[in-house]
>>> print(open('data.txt').read())   # compact mmCIF, C-alpha atoms and all ligand atoms
# COMPACT_ATOMS: atom_id res chain seq x y z
CA MET A 1 128.51 85.81 107.77
CA GLY A 2 128.20 88.33 110.54
CA LEU A 3 125.02 90.24 111.22
CA GLU A 4 126.52 93.53 110.11
CA THR A 5 127.75 92.10 106.85
CA ALA A 6 124.31 90.62 106.17
CA HIS A 7 122.69 93.96 106.89
CA ALA A 8 125.08 95.80 104.54
CA LEU A 9 124.35 93.24 101.87
CA LEU A 10 120.62 93.70 102.34
CA VAL A 11 120.94 97.49 102.00
CA GLN A 12 122.95 97.01 98.85
CA ILE A 13 120.43 94.57 97.36
CA ARG A 14 117.56 96.93 98.21
CA SER A 15 119.37 99.80 96.52
CA ILE A 16 119.98 97.69 93.39
CA LEU A 17 116.37 96.54 93.38
CA GLN A 18 115.17 100.15 93.70
CA ARG A 19 117.38 101.23 90.82
CA PHE A 20 116.12 98.46 88.53
CA ASP A 21 112.60 98.35 89.79
CA GLY A 22 110.35 98.21 86.69
CA GLY A 23 107.58 100.35 88.15
CA GLY A 24 109.99 102.96 89.43
CA ALA A 25 111.93 103.19 86.19
CA LEU A 26 108.73 103.38 84.16
CA ALA A 27 107.33 106.06 86.44
CA SER A 28 110.45 108.11 85.86
CA VAL A 29 110.17 107.64 82.05
CA ASP A 30 106.50 108.62 82.24
CA ALA A 31 107.36 111.74 84.19
CA ARG A 32 110.03 112.73 81.68
CA ARG A 33 107.66 112.07 78.77
CA ASP A 34 104.95 114.18 80.41
CA ALA A 35 107.45 116.97 80.98
CA ALA A 36 108.56 116.80 77.33
CA ILE A 37 104.95 116.87 76.10
CA SER A 38 104.20 119.81 78.32
CA ASP A 39 107.33 121.59 76.95
CA ILE A 40 106.19 120.91 73.39
CA GLY A 41 102.71 122.20 74.21
CA LEU A 42 104.19 125.33 75.71
CA ALA A 43 106.44 125.90 72.67
CA HIS A 44 103.41 125.39 70.43
CA ASP A 45 101.42 127.99 72.37
CA ILE A 46 104.32 130.45 72.21
CA ALA A 47 104.64 129.90 68.45
CA ALA A 48 100.88 130.32 67.96
CA ASN A 49 100.94 133.57 69.94
CA LYS A 50 103.90 134.81 67.92
CA ILE A 51 102.10 134.02 64.65
CA ALA A 52 98.97 135.79 65.87
CA GLU A 53 101.13 138.75 66.87
CA LEU A 54 102.77 138.87 63.43
CA ARG A 55 99.38 138.51 61.73
CA GLY A 56 98.21 141.44 63.85
CA LEU A 57 101.17 143.49 62.66
CA LEU A 58 100.38 142.60 59.05
CA LYS A 59 96.77 143.51 59.47
CA ALA A 60 95.92 146.97 58.24
CA ASN A 61 94.06 149.33 60.51
CA SER A 62 93.70 152.19 58.08
CA GLN A 63 93.67 152.87 54.37
CA LEU A 64 97.22 154.20 54.70
CA ASP A 65 98.35 150.87 56.22
CA VAL A 66 96.94 149.09 53.17
CA LEU A 67 98.77 151.38 50.75
CA ASN A 68 102.01 151.03 52.73
CA SER A 69 101.71 147.27 52.75
CA GLU A 70 104.67 145.46 51.21
CA CYS A 71 102.58 143.73 48.55
CA ALA A 72 100.13 146.54 47.73
CA ALA A 73 100.35 148.73 44.64
CA VAL A 74 98.07 151.41 43.26
CA LEU A 75 97.07 151.55 39.61
CA ARG A 76 96.82 154.80 37.69
CA SER A 77 93.06 154.45 37.96
CA GLY A 78 93.35 154.45 41.77
CA GLY A 79 92.52 150.76 42.15
CA VAL A 80 94.54 148.89 44.78
CA VAL A 81 96.15 145.62 43.72
CA CYS A 82 98.09 142.85 45.43
CA THR A 83 101.40 142.36 43.62
CA HIS A 84 101.57 138.63 44.47
CA CYS A 85 98.12 138.01 43.04
CA THR A 86 98.53 140.28 40.01
CA GLU A 87 101.74 138.50 39.01
CA ASN A 88 100.62 134.96 39.66
CA HIS A 89 96.85 134.61 39.49
CA ASP A 90 96.84 133.57 35.82
CA THR A 91 99.35 130.79 36.48
CA ILE A 92 97.09 128.98 38.92
CA HIS A 93 94.18 127.07 37.46
CA ASP A 94 91.99 127.30 40.46
CA GLU A 95 88.51 128.69 40.93
CA ARG A 96 89.72 130.40 44.12
CA ALA A 97 92.09 132.59 42.11
CA LYS A 98 89.23 134.04 40.13
CA ARG A 99 87.60 135.30 43.30
CA THR A 100 90.34 137.79 44.17
CA LEU A 101 89.48 141.45 43.64
CA PHE A 102 93.02 142.73 44.03
CA THR A 103 94.45 142.06 40.57
CA ALA A 104 95.37 144.59 37.89
CA SER A 105 93.41 142.66 35.26
CA ASN A 106 90.14 143.44 36.99
CA GLY A 107 91.08 147.04 37.76
CA GLY A 108 92.05 146.54 41.41
CA TYR A 109 89.94 147.35 44.44
CA PRO A 110 88.53 150.89 44.71
CA GLN A 111 89.79 153.06 47.58
CA ASN A 112 86.49 153.22 49.40
CA SER A 113 85.43 152.67 53.00
CA ARG A 114 85.40 148.89 52.57
CA LEU A 115 89.01 148.73 51.40
CA VAL A 116 90.62 148.02 54.80
CA LYS A 117 88.34 145.10 55.59
CA ALA A 118 88.56 143.71 52.07
CA TRP A 119 92.37 143.93 52.18
CA ASN A 120 92.59 142.18 55.55
CA ASP A 121 90.25 139.46 54.28
CA HIS A 122 92.37 139.16 51.16
CA LEU A 123 95.60 138.64 53.12
CA VAL A 124 94.20 135.51 54.75
CA SER A 125 92.32 134.26 51.67
CA ALA A 126 93.02 131.00 49.85
CA ALA A 127 93.58 132.95 46.62
CA HIS A 128 96.35 135.06 48.15
CA GLU A 129 97.96 131.98 49.68
CA ALA A 130 97.82 130.12 46.33
CA CYS A 131 99.35 133.11 44.50
CA ILE A 132 102.24 133.32 46.99
CA ARG A 133 102.89 129.57 46.50
CA ALA A 134 102.78 130.03 42.70
CA GLY A 135 105.26 132.92 43.00
CA GLU A 136 107.62 130.73 45.03
CA THR A 137 107.39 127.98 42.42
CA THR A 138 108.16 130.47 39.66
CA ALA A 139 111.19 131.75 41.55
CA ALA A 140 112.41 128.18 42.07
CA ASP A 141 112.14 127.28 38.36
CA PRO A 142 112.74 130.40 36.24
CA LEU A 143 113.32 128.51 32.96
CA GLY A 144 110.16 126.41 33.25
CA SER A 145 108.20 129.52 34.16
CA PHE A 146 109.61 131.38 31.19
CA MET A 147 108.59 128.54 28.88
CA SER A 148 105.07 128.43 30.26
CA ALA A 149 104.83 132.24 30.10
CA GLU A 150 105.89 132.09 26.44
CA ALA A 151 103.34 129.34 25.73
CA LYS A 152 100.67 131.46 27.39
CA ARG A 153 101.71 134.45 25.29
CA GLN A 154 101.48 132.40 22.08
CA GLU A 155 98.02 131.26 23.10
CA ASN A 156 96.91 134.86 23.68
CA VAL A 157 98.40 135.91 20.34
CA MET A 158 96.46 133.16 18.55
CA VAL A 159 93.24 134.31 20.23
CA VAL A 160 93.85 137.85 18.92
CA LEU A 161 94.63 136.68 15.39
CA PHE A 162 91.69 134.28 15.21
CA ARG A 163 89.40 136.97 16.57
CA LEU A 164 90.61 139.30 13.82
CA VAL A 165 90.00 136.69 11.11
CA ALA A 166 86.53 135.94 12.52
CA PHE A 167 85.73 139.67 12.59
CA MET A 168 86.79 140.00 8.96
CA ALA A 169 84.70 137.01 7.92
CA LYS A 170 81.68 138.31 9.79
CA HIS A 171 81.91 141.70 8.09
CA LYS A 172 82.90 140.18 4.75
CA LEU A 173 86.15 142.12 4.56
CA SER A 174 88.74 141.19 1.98
CA LEU A 175 91.53 138.99 3.33
CA ARG A 176 93.94 141.42 1.70
CA LEU A 177 93.18 143.72 4.62
CA TYR A 178 94.41 141.13 7.16
CA GLU A 179 98.07 142.16 6.97
CA GLU A 180 97.14 145.85 7.26
CA LEU A 181 94.95 145.20 10.27
CA VAL A 182 97.69 143.16 11.97
CA VAL A 183 100.03 146.14 11.56
CA LEU A 184 97.35 148.47 12.94
CA LEU A 185 96.91 146.24 15.99
CA GLN A 186 100.64 146.05 16.53
CA GLN A 187 100.95 149.85 16.29
CA SER A 188 98.14 150.13 18.82
CA GLY A 189 100.14 148.14 21.34
CA VAL A 190 98.48 144.73 20.91
CA ASP A 191 100.84 141.74 21.06
CA VAL A 192 100.35 140.04 17.68
CA GLY A 193 103.34 137.71 17.97
CA ASP A 194 105.97 137.13 15.31
CA THR A 195 104.30 134.72 12.88
CA ASP A 196 100.98 133.97 11.14
CA HIS A 197 100.69 137.47 9.70
CA SER A 198 100.11 136.65 6.03
CA ARG A 199 96.80 136.61 4.19
CA ILE A 200 97.54 132.99 3.17
CA THR A 201 97.61 131.99 6.83
CA ALA A 202 94.48 134.09 7.39
CA ARG A 203 92.67 132.04 4.74
CA GLU A 204 93.69 128.82 6.51
CA MET A 205 92.56 130.24 9.83
CA ASN A 206 89.26 131.15 8.24
CA GLU A 207 88.87 127.56 7.14
CA VAL A 208 89.60 126.33 10.68
CA ILE A 209 86.97 128.70 12.10
CA ALA A 210 84.41 127.60 9.47
CA ARG A 211 85.09 123.93 10.23
CA HIS A 212 84.71 124.57 13.95
CA GLY A 213 81.45 126.45 13.32
CA ARG A 214 80.09 123.61 11.19
CA GLY A 215 81.01 121.19 13.98
CA GLN A 216 79.11 123.29 16.49
CA VAL A 217 76.01 123.42 14.29
CA LYS A 218 76.22 119.66 13.75
CA GLU A 219 76.50 119.11 17.49
CA PHE A 220 73.59 121.49 18.15
CA ILE A 221 71.18 119.78 15.79
CA SER A 222 72.24 116.23 16.59
CA HIS A 223 72.08 116.44 20.40
CA ARG A 224 69.00 116.58 22.55
CA ASN A 225 68.86 119.73 24.66
CA LYS A 226 67.46 118.55 27.97
CA ALA A 227 66.95 122.07 29.27
CA ARG A 228 64.59 122.98 26.45
CA TRP A 229 63.25 119.48 25.62
CA LEU A 230 64.11 119.93 21.96
ZN ZN B 301 97.19 138.71 47.15
>>> encode(input="data.txt", output="structure tokens")
Amino acid sequence: MGLETAHALLVQIRSILQRFDGGGALASVDARRDAAISDIGLAHDIAANKIAELRGLLKANSQLDVLNSECAAVLRSGGVVCTHCTENHDTIHDERAKRTLFTASNGGYPQNSRLVKAWNDHLVSAAHEACIRAGETTAADPLGSFMSAEAKRQENVMVVLFRLVAFMAKHKLSLRLYEELVVLLQQSGVDVGDTDHSRITAREMNEVIARHGRGQVKEFISHRNKARWL
């Protein structure tokens, strides 16, 4: 082997060694990983800035901004409500939902000087977030939502009818009046449902109420009340 050939071979071997050198290859992988992490970090920052920018756009600066907001509505009384929360707050069984002031059932928020701040706070509140989620769930499952809405309606109807029977019992009214009073309620716009409108049912409901009342009395006198030491 000539000297030149040996030298060429040495250069070749060095080049191969450099290419497959563990440290070198790892350093290059590390560099690429660092670059990728830095790219991800940058993208994250850009996204966070974009979100903050969009939040800023959503944020109301004046009362007019609030009223023009996509999910704001004004009741006849002047109260401002959030449409997401008004539609969905009764479908979520969460204490947070009860804290919202922007629902039609509690009359909405008055258009006073605190409205803008209250609205902006509302938009980032847990209640608002939960109501939007509930709305999305309803949209994704219309049949299930309809069934639960109907069950809720039946429950409300039963509350009305039982309240009527209890009122009649309290004032010692004749059960014959039950049917007339149901009609009166219905004509006054109260949802009284489609069944349980006869005086015979009213008598049974009366019995249920009486049994429940007796149970409460029994519980009251047979349990120690720690608060009052009785
Ligand atoms: Zn809301």
>>> residues_around(input="data.txt", residues="region 148-158 of chain A", least_positions_apart="4", cutoff="12 Å", atoms="only C-alpha atoms", output="list in words")
Glu87, Asn88, Asp90, Thr91, Ile92, Thr138, Asp141, Pro142, Leu143, Gly144, Phe162, Arg163, Leu164, Val165, Ala166, Val182, Leu185, Gln186, Val190, Asp191, Val192, Gly193, Asp194, Thr195, Asp196, His197, Thr201, Ala202 and Met205 of chain A
>>> residues_near_ligand(input="data.txt", ligand="ligand ZN 301 (chain B)", cutoff="9 Å", atoms="all atoms listed in the file", output="PyMOL selection string")
chain A and resi 71-72+81-86+89+100-103+119+122-125+127-132
>>> closest_residue(input="data.txt", among="A:Val116, A:Ile200, A:Val29, A:Val66", to="Arg176 (chain A)", atoms="only C-alpha atoms")
A:Ile200
>>> atom_distance(input="data.txt", atom1="CA of Lys117 (chain A)", atom2="CA of Asp65 (chain A)")
11.6 Å
>>> atom_distance(input="data.txt", atom1="CA of Arg76 (chain A)", atom2="CA of Gly107 (chain A)")
9.7 Å
>>> build_atoms(input="data.txt", residues="region 77-105 of chain A", atoms="N, CA and C atoms", output="short mmCIF file (atom, residue, chain, number, x, y, z; two decimals), keeping the file's coordinate frame")
data_model
loop_
_atom_site.label_atom_id
_atom_site.label_comp_id
_atom_site.auth_asym_id
_atom_site.auth_seq_id
_atom_site.Cartn_x
_atom_site.Cartn_y
_atom_site.Cartn_z
N SER A 77 94.49 154.19 37.77
CA SER A 77 93.06 154.45 37.96
C SER A 77 92.69 154.63 39.43
N GLY A 78 93.64 154.33 40.34
CA GLY A 78 93.35 154.45 41.77
C GLY A 78 93.04 153.11 42.42
N GLY A 79 92.83 152.08 41.61
CA GLY A 79 92.52 150.76 42.15
C GLY A 79 93.73 150.17 42.88
N VAL A 80 93.46 149.50 43.99
CA VAL A 80 94.54 148.89 44.78
C VAL A 80 94.69 147.43 44.37
N VAL A 81 95.93 147.02 44.10
CA VAL A 81 96.15 145.62 43.72
C VAL A 81 97.16 144.96 44.64
N CYS A 82 97.10 143.63 44.68
CA CYS A 82 98.09 142.85 45.43
C CYS A 82 99.11 142.39 44.40
N THR A 83 100.39 142.69 44.64
CA THR A 83 101.40 142.36 43.62
C THR A 83 101.56 140.84 43.46
N HIS A 84 101.45 140.10 44.57
CA HIS A 84 101.57 138.63 44.47
C HIS A 84 100.48 138.09 43.55
N CYS A 85 99.25 138.55 43.79
CA CYS A 85 98.12 138.01 43.04
C CYS A 85 98.11 138.49 41.59
N THR A 86 98.50 139.76 41.37
CA THR A 86 98.53 140.28 40.01
C THR A 86 99.54 139.50 39.17
N GLU A 87 100.69 139.20 39.77
CA GLU A 87 101.74 138.50 39.01
C GLU A 87 101.41 137.03 38.78
N ASN A 88 100.72 136.43 39.72
CA ASN A 88 100.62 134.96 39.66
C ASN A 88 99.23 134.39 39.45
N HIS A 89 98.18 135.22 39.48
CA HIS A 89 96.85 134.61 39.49
C HIS A 89 96.53 133.88 38.19
N ASP A 90 97.15 134.28 37.06
CA ASP A 90 96.84 133.57 35.82
C ASP A 90 97.64 132.27 35.68
N THR A 91 98.59 132.04 36.58
CA THR A 91 99.35 130.79 36.48
C THR A 91 98.72 129.68 37.31
N ILE A 92 97.73 130.05 38.15
CA ILE A 92 97.09 128.98 38.92
C ILE A 92 95.70 128.72 38.34
N HIS A 93 95.45 127.44 38.08
CA HIS A 93 94.18 127.07 37.46
C HIS A 93 93.23 126.63 38.57
N ASP A 94 92.77 127.59 39.27
CA ASP A 94 91.99 127.30 40.46
C ASP A 94 90.85 128.31 40.54
N GLU A 95 89.68 127.80 40.84
CA GLU A 95 88.51 128.69 40.93
C GLU A 95 88.72 129.78 41.97
N ARG A 96 89.51 129.44 43.03
CA ARG A 96 89.72 130.40 44.12
C ARG A 96 90.42 131.65 43.61
N ALA A 97 91.32 131.46 42.60
CA ALA A 97 92.09 132.59 42.11
C ALA A 97 91.20 133.62 41.43
N LYS A 98 90.10 133.13 40.87
CA LYS A 98 89.23 134.04 40.13
C LYS A 98 88.43 134.92 41.08
N ARG A 99 88.41 134.54 42.35
CA ARG A 99 87.60 135.30 43.30
C ARG A 99 88.33 136.52 43.87
N THR A 100 89.62 136.65 43.60
CA THR A 100 90.34 137.79 44.17
C THR A 100 90.01 139.09 43.44
N LEU A 101 89.85 140.15 44.22
CA LEU A 101 89.48 141.45 43.64
C LEU A 101 90.69 142.36 43.52
N PHE A 102 91.85 141.86 43.97
CA PHE A 102 93.02 142.73 44.03
C PHE A 102 94.01 142.47 42.89
N THR A 103 93.52 142.25 41.68
CA THR A 103 94.45 142.06 40.57
C THR A 103 94.29 143.20 39.58
N ALA A 104 95.39 143.49 38.86
CA ALA A 104 95.37 144.59 37.89
C ALA A 104 94.40 144.29 36.75
N SER A 105 94.27 142.99 36.40
CA SER A 105 93.41 142.66 35.26
C SER A 105 91.94 142.98 35.52
#
